[in-house]
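Engineer: My structure is below; once you've seen it, I'll send some questions.
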There are 4 protein chains.
Amino acid sequence: MPHVAFLGLGAIGRPMAVRLANAPGVTLTVWNRTRDKAERFAKEHDARAADSPADAARTADVVITCFAVSADVDSVLDGPDGLLAGMRRGTTLVDCTSGDPNSSRRIAGRLDGLGIAFLDAPVSGGTSGAEQGTLTVMVGGDAAVLARVRPVLEPFGTKIVHCGAVGAGDALKSVNNALLAVHVWSAAEGLAALAKAGVRPDVALDVINASSGRSNASMNLFPERVLTRAFPRTFRLALLAKDAGIAAAVAREQKVPAPLLQLTADLFRIAHTSLGEEADHVEAVRLVEQWAGQEIA
Amino acid sequence: MPHVAFLGLGAIGRPMAVRLANAPGVTLTVWNRTRDKAERFAKEHDARAADSPADAARTADVVITCFAVSADVDSVLDGPDGLLAGMRRGTTLVDCTSGDPNSSRRIAGRLDGLGIAFLDAPVSGGTSGAEQGTLTVMVGGDAAVLARVRPVLEPFGTKIVHCGAVGAGDALKSVNNALLAVHVWSAAEGLAALAKAGVRPDVALDVINASSGRSNASMNLFPERVLTRAFPRTFRLALLAKDAGIAAAVAREQKVPAPLLQLTADLFRIAHTSLGEEADHVEAVRLVEQWAGQEIA
Amino acid sequence: MPHVAFLGLGAIGRPMAVRLANAPGVTLTVWNRTRDKAERFAKEHDARAADSPADAARTADVVITCFAVSADVDSVLDGPDGLLAGMRRGTTLVDCTSGDPNSSRRIAGRLDGLGIAFLDAPVSGGTSGAEQGTLTVMVGGDAAVLARVRPVLEPFGTKIVHCGAVGAGDALKSVNNALLAVHVWSAAEGLAALAKAGVRPDVALDVINASSGRSNASMNLFPERVLTRAFPRTFRLALLAKDAGIAAAVAREQKVPAPLLQLTADLFRIAHTSLGEEADHVEAVRLVEQWAGQEIA
Amino acid sequence: MPHVAFLGLGAIGRPMAVRLANAPGVTLTVWNRTRDKAERFAKEHDARAADSPADAARTADVVITCFAVSADVDSVLDGPDGLLAGMRRGTTLVDCTSGDPNSSRRIAGRLDGLGIAFLDAPVSGGTSGAEQGTLTVMVGGDAAVLARVRPVLEPFGTKIVHCGAVGAGDALKSVNNALLAVHVWSAAEGLAALAKAGVRPDVALDVINASSGRSNASMNLFPERVLTRAFPRTFRLALLAKDAGIAAAVAREQKVPAPLLQLTADLFRIAHTSLGEEADHVEAVRLVEQWAGQEIA
């Protein structure tokens with residue numbers, strides 16, 4: 001009967017923690033930088049709110065972190081209240097942050113010296129996947145460690161995939177998201193050009209989605225979010241820009257020329273600067289529209 | 001009971017013509033630059049082999065052309081044996097070539113002066129779609145003309161979409177194919193980088209295809225053609241490079257900045273030069289692999 | 001003693017026309033769309049102001065046009081007041097517009113049918129070069145025609161170069177300007193990155209200009225216009241964006257992969273959209289600065 | 001009267017060391033991985049050949065390293081024969097390698113703990129600049145340290161510039177070289193397109209070099225090395241590709257969108273892979289030519 005500590009009750013983390021709270025046999029402690037959130041969670045679910053990362057970790061067999069970026073993980077490791085002050089030898093840190101492989105390797109190296117195992121385990125599937133426990137979990141690290149902690153991941157993940165050594169989960173997550181970024185941006189370019197040339201975006205998408213040029217972006221995001229001008233804020237552009245940057249860095253470190261991924265990383269960086277912190281990732285389309293002088297609607 | 005002339009019995013054109021030959025109530029004449037092909041077709045199907053484009057056109061209510069590029073259409077228009085010498089006022093030329101909008105507009109303008117209607121009507125769905133009569137047909141031109149000739153398109157097309165004025169079909173087809181090109185190339189970049197970083201391509205594709213980065217390329221082309229190293233030759237890289245170039249030209253003419261489409265057009269041009277005339281479009285992956293020093297397998 | 005008609009008294013055209021007015025043995029007629037400008041010119045210099053292009057052309061041996069874009073040349077050709085109504089067989093149209101080769105070839109073709117010779121003859125050297133008569137003139141067309149009209153170009157051009165057939169002058173001018181665009185933009189990227197990394201732009205330029213990375217942009221434009229924040233408006237960004245687009249089109253038509261020129265054309269198109277019609281070409285740097293969150297000063 | 005140890009007698013390092021050997025008041029020890037080179041140097045010049053980096057460093061006030069990449073510096077630091085085993089507190093390591101800023105910062109951090117100062121001090125000016133002692137030296141690190149060691153740099157450098165903190169010299173060198181790379185590649189694109197369009201490269205260069213598109217590449221490298229097809233091997237493409245990659249990394253770390261520098265880094269990486277280890281940096285032009293199907297000659 002594992003004790004689990006869950007740190008980071010954000011848009012994805014919170015529903016993941018809810019799944020764990022409801023899982024039979026799991027004893028859950030939660031922590032969040034904004035303390036309120038953790039206390040509210042503890043009131044509503046079968047869980048204890050911890051005072052600090054160290055406090056959360058003290059009784060935990062498995063600590064799960066779910067933050068925005070790897071630097072957030074770094075920021076909870078050290079000091080008297082930090083994770084390292086609480087975690088015991090033989091336990092495991094599972095980092096569900098969409099992190100960068102180099103940071104994960106560095107953290108894993110530090111933990112290794114303390115007898116603590118580390119897995120990078122970013123997830124995909126969005127808020128609804130987290131709520132329904134149908135996330136895909138991309139795991140980097142020792143396969144035996146994954147086998148051991150797998151029961152703790154199953155409450156929220158249906159597809160739990162061992163990808164390789166530490167950092168492999170991060171790398172794969174970043175490439176998946178970079179492809180999403182490529183698909184959103186290139187479809188926007190094409191649809192804006194077609195619209196200016198007199199082809200209605202809904203007609204164009206109807207045809208593309210029956211043809212070889214289709215993608216998740218063209219089949220789901222554009223019809224539901226762009227044509228409707230709804231642009232719901234479900235996943236921040238800032239985070240997709242970060243992921244595209246990580247994928248570009250993976251390519252460079254591997255000495256793989258990747259001109260499309262590099263250019264996409266810069267375009268999303270520009271979009272992030274131009275559209276701000278709160279913009280949704282699909283709103284990158286707005287910058288393409290602005291440059292084109294043409295709405296896709 | 002329409003008389004139809006079909007010019008261009010290539011990989012896609014031939015099965016389209018077969019569908020027409022088998023359609024009740026269609027009287028079919030076929031022509032092909034290599035005369036043999038037309039004669040064999042006439043022997044095997046209910047059709048007459050014409051001596052020349054002019055000969056094919058003489059009795060036709062609708063002439064259908066299905067060539068590699070718009071310049072091929074131009075090359076059969078003029079001279080005593082050309083289409084214009086045979087086509088009568090009030091008939092229609094339906095060009096199923098994946099052409100370029102400017103050429104289509106120029107040709108339409110010439111035909112207009114002769115009282116002949118023109119539709120650009122490129123198709124998607126590949127050889128198997130043509131054989132089964134389930135092609136998507138993207139039509140540019142007068143909607144009333146399309147309404148009139150639609151029965152002649154239905155034997156091979158299930159999704160016949162009016163996209164806009166002359167050139168709109170070409171423009172949409174080119175953008176669909178340009179997106180295909182973007183998806184193939186960017187997935188290759190990402191998978192090569194992951195493979196070098198120790199993430200197996202089959203694992204990566206399994207995850208991506210359950211996630212937000214999926215596309216027709218990642219779901220179908222990579223598993224079936226790249227991982228298997230089969231690279232069947234179904235659609236020439238030279239033609240996809242041409243289409244990507246047309247889409248890039250559409251963007252430029254519409255003054256739409258489209259850095260991803262422009263770069264993709266150049267990458268496929270380079271791939272075409274490097275891999276030759278016979279290479280399949282998915283073999284563009286081979287150039288990414290060569291640059292990366294890493295096979296995706 | 002040649003009669004010269006000069007159409008287009010803009011920033012470059014006007015000082016060129018002044019040089020012609022002062023040249024011994026030249027009889028000059030000027031025309032400008034804004035009539036005032038032509039009349040003022042005629043008052044101040046030894047020249048007649050014409051009522052229309054046709055009127056200007058009527059007595060001319062050589063007509064010189066100097067407009068912003070080739071479409072401006074097109075716009076003065078036709079109609080009862082147009083150039084073609086006034087020009088006589090055996091005369092020559094010298095177009096000093098930074099035009100596009102296709103337009104020049106089309107215009108040359110029309111004139112050829114009327115017995116009128118055509119040279120594309122864009123100039124470089126800026127306002128001061130025009131004032132001092134030290135422009136470089138890049139000439140496309142028949143070398144014998146150039147030999148004939150050369151005396152009419154010498155008052156404003158010291159380097160008069162025959163580049164090739166009609167369109168060659170335009171093509172070369174566009175590539176020169178595209179390289180200028182590449183140099184300005186890439187230097188801005190590099191200097192912004194260095195400035196954020198703590199290297200002062202003046203120090204960086206001092207070193208670069210003594211090293212292998214130097215260009216006209218780094219040696220002259222950045223020290224005089226960017227570091228000083230002066231950004232004088234001497235050559236419109238809109239026109240440089242147009243030229244970069246022409247060079248990109250030349251590369252495409254020649255089937256030359258040119259990813260840097262294509263990307264630069266799109267970046268300047270974006271800068272033009274973002275910074276407006278009046279911005280100077282060097283102000284493209286402002287967009288790089290904005291994206292970088294870093295001034296180069 | 002300073003004792004100087006010089007490590008790395010390569011194409012640039014050797015003539016720098018000769019300048020030091022001939023400088024009055026300098027006592028020189030040299031070391032090279034291939035021992036022969038050091039011994040020959042000691043025979044021909046007023047210098048001692050050391051057995052190891054540690055041996056070279058033992059009596060030195062200033063150690064100068066001049067290698068291909070930062071990793072080479074790392075490789076001589078550790079172990080009983082390494083620099084750190086020989087260098088004394090209060091001495092200075094001046095690294096003239098065209099290194100990367102992160103490596104330099106890491107090395108500086110290690111040395112700082114040992115009471116040893118560090119300067120990154122890459123040079124530009126080529127072999128002939130080294131021979132004549134007219135190199136530009138771009139220095140990152142403490143200005144007071146530079147003031148102290150400046151006399152030791154003056155025998156080979158006429159322009160010794162303090163650029164900022166440790167890493168600033170590397171950063172500036174990389175950007176200078178990245179701009180060189182941009183200029184070489186973009187000029188090749190433009191000249192190949194022009195050549196295919198019928199404009200002779202020598203004519204094009206003559207005009208460009210009198211106009212706004214000129215750069216060190218167009219003024220010196222293309223006339224002397226490309227048009228002549230001489231392509232002398234003076235500076236390896238592999239090293240320029242490395243430098244372009246470093247500049248791209250500086251931009252990314254500073255969160256500066258730099259699409260032209262990023263694309264150029266990938267193009268040179270591709271050229272390096274395609275043309276091999278021995279190719280000269282200007283031979284990148286050969287890949288542009290190959291893609292274009294057009295020689296620039």
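Every chain in the structure tokens takes a letter, A first, then B, and so on in the order presented; its residues are numbered from 1, and the ligands are numbered from 1 following the presented order.
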Using DSSP secondary structure from the backbone, list all strand (DSSP E or B) positions within range 150-272 of chain C, as a PDB file with N, CA and C atoms, in the first residue's frame.
Structural biologist:
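What landed in out_12.pdb:
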ATOM      1  N   GLY C 157      25.109  57.906 -64.404  1.00  0.00           N
ATOM      2  CA  GLY C 157      25.710  56.622 -64.040  1.00  0.00           C
ATOM      3  C   GLY C 157      27.186  56.550 -64.388  1.00  0.00           C
ATOM      4  N   THR C 158      28.006  56.160 -63.438  1.00  0.00           N
ATOM      5  CA  THR C 158      29.430  55.998 -63.765  1.00  0.00           C
ATOM      6  C   THR C 158      29.752  54.550 -64.092  1.00  0.00           C
ATOM      7  N   LYS C 159      28.978  53.645 -63.529  1.00  0.00           N
ATOM      8  CA  LYS C 159      29.221  52.233 -63.777  1.00  0.00           C
ATOM      9  C   LYS C 159      27.984  51.705 -64.474  1.00  0.00           C
ATOM     10  N   ILE C 160      28.072  51.559 -65.779  1.00  0.00           N
ATOM     11  CA  ILE C 160      26.921  51.126 -66.570  1.00  0.00           C
ATOM     12  C   ILE C 160      27.258  49.738 -67.099  1.00  0.00           C
ATOM     13  N   VAL C 161      26.559  48.729 -66.564  1.00  0.00           N
ATOM     14  CA  VAL C 161      26.976  47.344 -66.813  1.00  0.00           C
ATOM     15  C   VAL C 161      25.917  46.581 -67.599  1.00  0.00           C
ATOM     16  N   HIS C 162      26.334  46.000 -68.710  1.00  0.00           N
ATOM     17  CA  HIS C 162      25.409  45.144 -69.452  1.00  0.00           C
ATOM     18  C   HIS C 162      25.383  43.780 -68.782  1.00  0.00           C
ATOM     19  N   CYS C 163      24.211  43.371 -68.283  1.00  0.00           N
ATOM     20  CA  CYS C 163      24.096  42.164 -67.452  1.00  0.00           C
ATOM     21  C   CYS C 163      23.598  40.945 -68.210  1.00  0.00           C
ATOM     22  N   GLY C 164      22.941  41.163 -69.346  1.00  0.00           N
ATOM     23  CA  GLY C 164      22.370  40.040 -70.074  1.00  0.00           C
ATOM     24  C   GLY C 164      21.122  40.476 -70.807  1.00  0.00           C
ATOM     25  N   SER C 215      30.141  43.349 -43.500  1.00  0.00           N
ATOM     26  CA  SER C 215      29.381  43.608 -44.725  1.00  0.00           C
ATOM     27  C   SER C 215      29.136  45.109 -44.784  1.00  0.00           C
ATOM     28  N   ARG C 236      12.699  52.913 -48.629  1.00  0.00           N
ATOM     29  CA  ARG C 236      11.582  52.328 -47.902  1.00  0.00           C
ATOM     30  C   ARG C 236      11.708  50.813 -47.749  1.00  0.00           C
TER      31      ARG C 236
END
Engineer: Would you write out, as JSON lines, a table of all residues in chain B that have an atom no more than 7 Å from an atom of chain C, listing for each the closest atom pair and the distance in Å to one decimal, considering only C-alpha atoms and ordering rows by chain and rising residue number?
Structural biologist:
{"residue": "B:Pro257", "atom": "CA", "partner": "C:Asp266", "partner_atom": "CA", "distance": 5.1}
{"residue": "B:Ala258", "atom": "CA", "partner": "C:Asp266", "partner_atom": "CA", "distance": 6.9}
{"residue": "B:Pro259", "atom": "CA", "partner": "C:Leu263", "partner_atom": "CA", "distance": 6.0}
{"residue": "B:Gln262", "atom": "CA", "partner": "C:Gln262", "partner_atom": "CA", "distance": 6.7}
{"residue": "B:Leu263", "atom": "CA", "partner": "C:Pro259", "partner_atom": "CA", "distance": 6.0}
{"residue": "B:Asp266", "atom": "CA", "partner": "C:Pro257", "partner_atom": "CA", "distance": 5.2}
{"residue": "B:Arg269", "atom": "CA", "partner": "C:Pro257", "partner_atom": "CA", "distance": 6.6}
{"residue": "B:Ile270", "atom": "CA", "partner": "C:Pro257", "partner_atom": "CA", "distance": 6.6}
Engineer: Restricting the output to N, CA and C atoms, write the selected residues as an mmCIF file, in the first residue's frame.
Structural biologist:
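To be explicit, this is the file written out as again.cif:
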data_model
loop_
_atom_site.group_PDB
_atom_site.id
_atom_site.type_symbol
_atom_site.label_atom_id
_atom_site.label_comp_id
_atom_site.auth_asym_id
_atom_site.auth_seq_id
_atom_site.Cartn_x
_atom_site.Cartn_y
_atom_site.Cartn_z
ATOM 1 N N PRO B 257 2.963 35.624 -45.684
ATOM 2 C CA PRO B 257 4.229 35.053 -45.223
ATOM 3 C C PRO B 257 3.975 33.606 -44.790
ATOM 4 N N ALA B 258 4.735 32.696 -45.331
ATOM 5 C CA ALA B 258 4.508 31.278 -45.049
ATOM 6 C C ALA B 258 5.866 30.593 -44.950
ATOM 7 N N PRO B 259 6.632 30.969 -43.931
ATOM 8 C CA PRO B 259 8.013 30.453 -43.864
ATOM 9 C C PRO B 259 8.098 28.932 -43.838
ATOM 10 N N GLN B 262 7.383 27.675 -47.409
ATOM 11 C CA GLN B 262 8.469 28.023 -48.336
ATOM 12 C C GLN B 262 9.683 27.121 -48.102
ATOM 13 N N LEU B 263 10.017 26.930 -46.838
ATOM 14 C CA LEU B 263 11.189 26.101 -46.531
ATOM 15 C C LEU B 263 10.943 24.658 -46.967
ATOM 16 N N ASP B 266 11.503 24.223 -50.627
ATOM 17 C CA ASP B 266 12.923 24.116 -50.979
ATOM 18 C C ASP B 266 13.510 22.772 -50.543
ATOM 19 N N ARG B 269 12.520 20.283 -53.005
ATOM 20 C CA ARG B 269 13.253 20.498 -54.256
ATOM 21 C C ARG B 269 14.650 19.885 -54.138
ATOM 22 N N ILE B 270 15.276 20.096 -52.982
ATOM 23 C CA ILE B 270 16.597 19.512 -52.751
ATOM 24 C C ILE B 270 16.498 17.984 -52.761
#
Engineer: Leaving out Asp51 in chain D and any residue of its chain fewer than 5 positions from it, which residues lie within 10 Å of it when counting only C-alpha atoms, given as a count of residues only?
Structural biologist: 9
Engineer: DSSP on the backbone: which residues in range 123-201 of chain C end up as helix (DSSP H, G or I)? Give the answer as a PyMOL selection string.
Structural biologist: chain C and resi 126-132+143-153+168-196+201
Engineer: Store the residues of this selection in a file with C-alpha atoms, as an mmCIF file, in the first residue's frame.
Structural biologist:
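Done, and the output landed in selection_30.cif:
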data_model
loop_
_atom_site.group_PDB
_atom_site.id
_atom_site.type_symbol
_atom_site.label_atom_id
_atom_site.label_comp_id
_atom_site.auth_asym_id
_atom_site.auth_seq_id
_atom_site.Cartn_x
_atom_site.Cartn_y
_atom_site.Cartn_z
ATOM 1 C CA GLY C 126 20.887 55.965 -53.527
ATOM 2 C CA THR C 127 19.858 59.590 -53.567
ATOM 3 C CA SER C 128 23.391 60.853 -53.142
ATOM 4 C CA GLY C 129 24.645 58.674 -55.994
ATOM 5 C CA ALA C 130 21.902 60.085 -58.175
ATOM 6 C CA GLU C 131 22.760 63.653 -57.201
ATOM 7 C CA GLN C 132 26.440 63.160 -57.921
ATOM 8 C CA ALA C 143 23.890 45.284 -76.065
ATOM 9 C CA ALA C 144 23.655 47.297 -79.272
ATOM 10 C CA VAL C 145 20.687 49.206 -77.904
ATOM 11 C CA LEU C 146 22.637 49.922 -74.754
ATOM 12 C CA ALA C 147 25.576 51.171 -76.823
ATOM 13 C CA ARG C 148 23.204 53.563 -78.576
ATOM 14 C CA VAL C 149 21.573 54.982 -75.463
ATOM 15 C CA ARG C 150 24.626 54.901 -73.198
ATOM 16 C CA PRO C 151 25.307 58.658 -73.625
ATOM 17 C CA VAL C 152 21.901 59.301 -72.118
ATOM 18 C CA LEU C 153 22.727 57.186 -69.058
ATOM 19 C CA ALA C 168 18.901 40.549 -66.287
ATOM 20 C CA GLY C 169 19.255 44.023 -64.835
ATOM 21 C CA ASP C 170 16.178 43.534 -62.686
ATOM 22 C CA ALA C 171 17.361 40.112 -61.560
ATOM 23 C CA LEU C 172 20.775 41.366 -60.522
ATOM 24 C CA LYS C 173 19.376 44.397 -58.749
ATOM 25 C CA SER C 174 16.967 42.188 -56.821
ATOM 26 C CA VAL C 175 19.732 39.812 -55.730
ATOM 27 C CA ASN C 176 21.954 42.690 -54.612
ATOM 28 C CA ASN C 177 19.124 44.057 -52.533
ATOM 29 C CA ALA C 178 18.181 40.637 -51.194
ATOM 30 C CA LEU C 179 21.752 40.248 -49.959
ATOM 31 C CA LEU C 180 21.477 43.650 -48.306
ATOM 32 C CA ALA C 181 18.292 42.401 -46.645
ATOM 33 C CA VAL C 182 19.996 39.198 -45.499
ATOM 34 C CA HIS C 183 22.924 41.175 -44.090
ATOM 35 C CA VAL C 184 20.764 43.636 -42.185
ATOM 36 C CA TRP C 185 18.542 40.970 -40.673
ATOM 37 C CA SER C 186 21.224 38.464 -39.745
ATOM 38 C CA ALA C 187 23.430 41.159 -38.215
ATOM 39 C CA ALA C 188 20.457 42.300 -36.153
ATOM 40 C CA GLU C 189 19.862 38.749 -34.919
ATOM 41 C CA GLY C 190 23.491 38.340 -33.970
ATOM 42 C CA LEU C 191 23.882 41.748 -32.338
ATOM 43 C CA ALA C 192 20.638 41.360 -30.346
ATOM 44 C CA ALA C 193 21.789 37.978 -29.045
ATOM 45 C CA LEU C 194 25.192 39.378 -28.144
ATOM 46 C CA ALA C 195 23.694 42.414 -26.432
ATOM 47 C CA LYS C 196 21.495 40.174 -24.277
ATOM 48 C CA PRO C 201 26.847 46.349 -29.909
#
Engineer: If we count only C-alpha atoms and set the cut-off at 12 Å, which residues sit around Glu44 in chain B, ignoring sequence neighbours fewer than 2 positions away in its own chain? Please answer as a list in words.
Structural biologist: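 Surrounding residues, per the criterion: Arg14, Ala17, Val18, Ala21, Asn22, Lys37, Ala38, Glu39, Arg40, Phe41, Ala42, Asp46, Ala47, Arg48 and Ala49 of chain B.
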Engineer: Which residues come within 7 Å of Phe231 in chain C, counting only C-alpha atoms, excluding same-chain residues fewer than 4 positions away, as a ChimeraX atom specification?
Structural biologist: /C:225-226,282-283
Engineer: For the atom pair CA of Thr27 in chain A and CA of Phe6 in chain A, what is the interatomic distance in Å to one decimal place?
Structural biologist: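 Atom-to-atom, CA of Thr27 in chain A to CA of Phe6 in chain A, that is 10.6 Å.
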Engineer: Point out the residue among B:Ala297, B:Ala284, B:Ala60, B:Val199 with the least atom-to-atom distance to Gly140 in chain A, counting only C-alpha atoms.
Structural biologist: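 Looking at the shortest contact to Gly140 in chain A, the residue is B:Val199.
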Engineer: With a distance cut-off of 8 Å and only C-alpha atoms, select the neighbouring residues of Pro223 in chain D, excluding the residue or stretch itself and same-chain residues fewer than 4 positions from it, and output the selection as an mmCIF file with N, CA, C and O atoms, in the first residue's frame.
Structural biologist:
data_model
loop_
_atom_site.group_PDB
_atom_site.id
_atom_site.type_symbol
_atom_site.label_atom_id
_atom_site.label_comp_id
_atom_site.auth_asym_id
_atom_site.auth_seq_id
_atom_site.Cartn_x
_atom_site.Cartn_y
_atom_site.Cartn_z
ATOM 1 N N ASP D 202 30.829 36.804 -62.595
ATOM 2 C CA ASP D 202 31.819 37.877 -62.451
ATOM 3 C C ASP D 202 31.174 39.247 -62.646
ATOM 4 O O ASP D 202 31.500 40.207 -61.940
ATOM 5 N N LEU D 205 29.124 39.916 -59.450
ATOM 6 C CA LEU D 205 29.957 40.311 -58.311
ATOM 7 C C LEU D 205 30.512 41.719 -58.492
ATOM 8 O O LEU D 205 30.612 42.495 -57.534
ATOM 9 N N SER D 218 31.584 38.525 -50.585
ATOM 10 C CA SER D 218 31.426 38.850 -52.013
ATOM 11 C C SER D 218 32.653 39.585 -52.546
ATOM 12 O O SER D 218 32.989 39.455 -53.724
ATOM 13 N N MET D 219 33.320 40.350 -51.686
ATOM 14 C CA MET D 219 34.441 41.148 -52.168
ATOM 15 C C MET D 219 35.730 40.354 -52.261
ATOM 16 O O MET D 219 36.560 40.613 -53.124
ATOM 17 N N LEU D 227 35.079 31.897 -58.128
ATOM 18 C CA LEU D 227 35.151 32.111 -59.583
ATOM 19 C C LEU D 227 36.366 31.400 -60.163
ATOM 20 O O LEU D 227 36.310 30.863 -61.271
ATOM 21 N N THR D 228 37.454 31.410 -59.437
ATOM 22 C CA THR D 228 38.682 30.755 -59.901
ATOM 23 C C THR D 228 38.649 29.238 -59.721
ATOM 24 O O THR D 228 39.532 28.530 -60.202
#
Engineer: By how many Å are CA of Val69 in chain D and CA of Pro232 in chain D apart?
Structural biologist: 22.1 Å
Engineer: One decimal, Å: what's the distance from CA of Val26 in chain D over to CA of Gly8 in chain D, could you say?
Structural biologist: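 Separation of CA of Val26 in chain D and CA of Gly8 in chain D: 17.7 Å.
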Engineer: So that I can see what lies close to Ala71 in chain C, please list as a CSV table (one decimal) with C-alpha atoms, in the first residue's frame the residues with an atom at most 10 Å from it, counting only C-alpha atoms and leaving out residues fewer than 4 positions away in the same chain.
Structural biologist:
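For reference, around11.csv as written:
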chain,number,residue,atom,x,y,z
C,67,PHE,CA,9.0,54.2,-60.7
C,75,SER,CA,0.0,51.8,-65.6
C,76,VAL,CA,1.5,54.5,-67.9
C,97,THR,CA,12.5,51.0,-62.0
C,99,GLY,CA,11.3,46.0,-61.6
C,100,ASP,CA,10.7,42.3,-61.8
C,103,SER,CA,7.2,42.2,-66.1
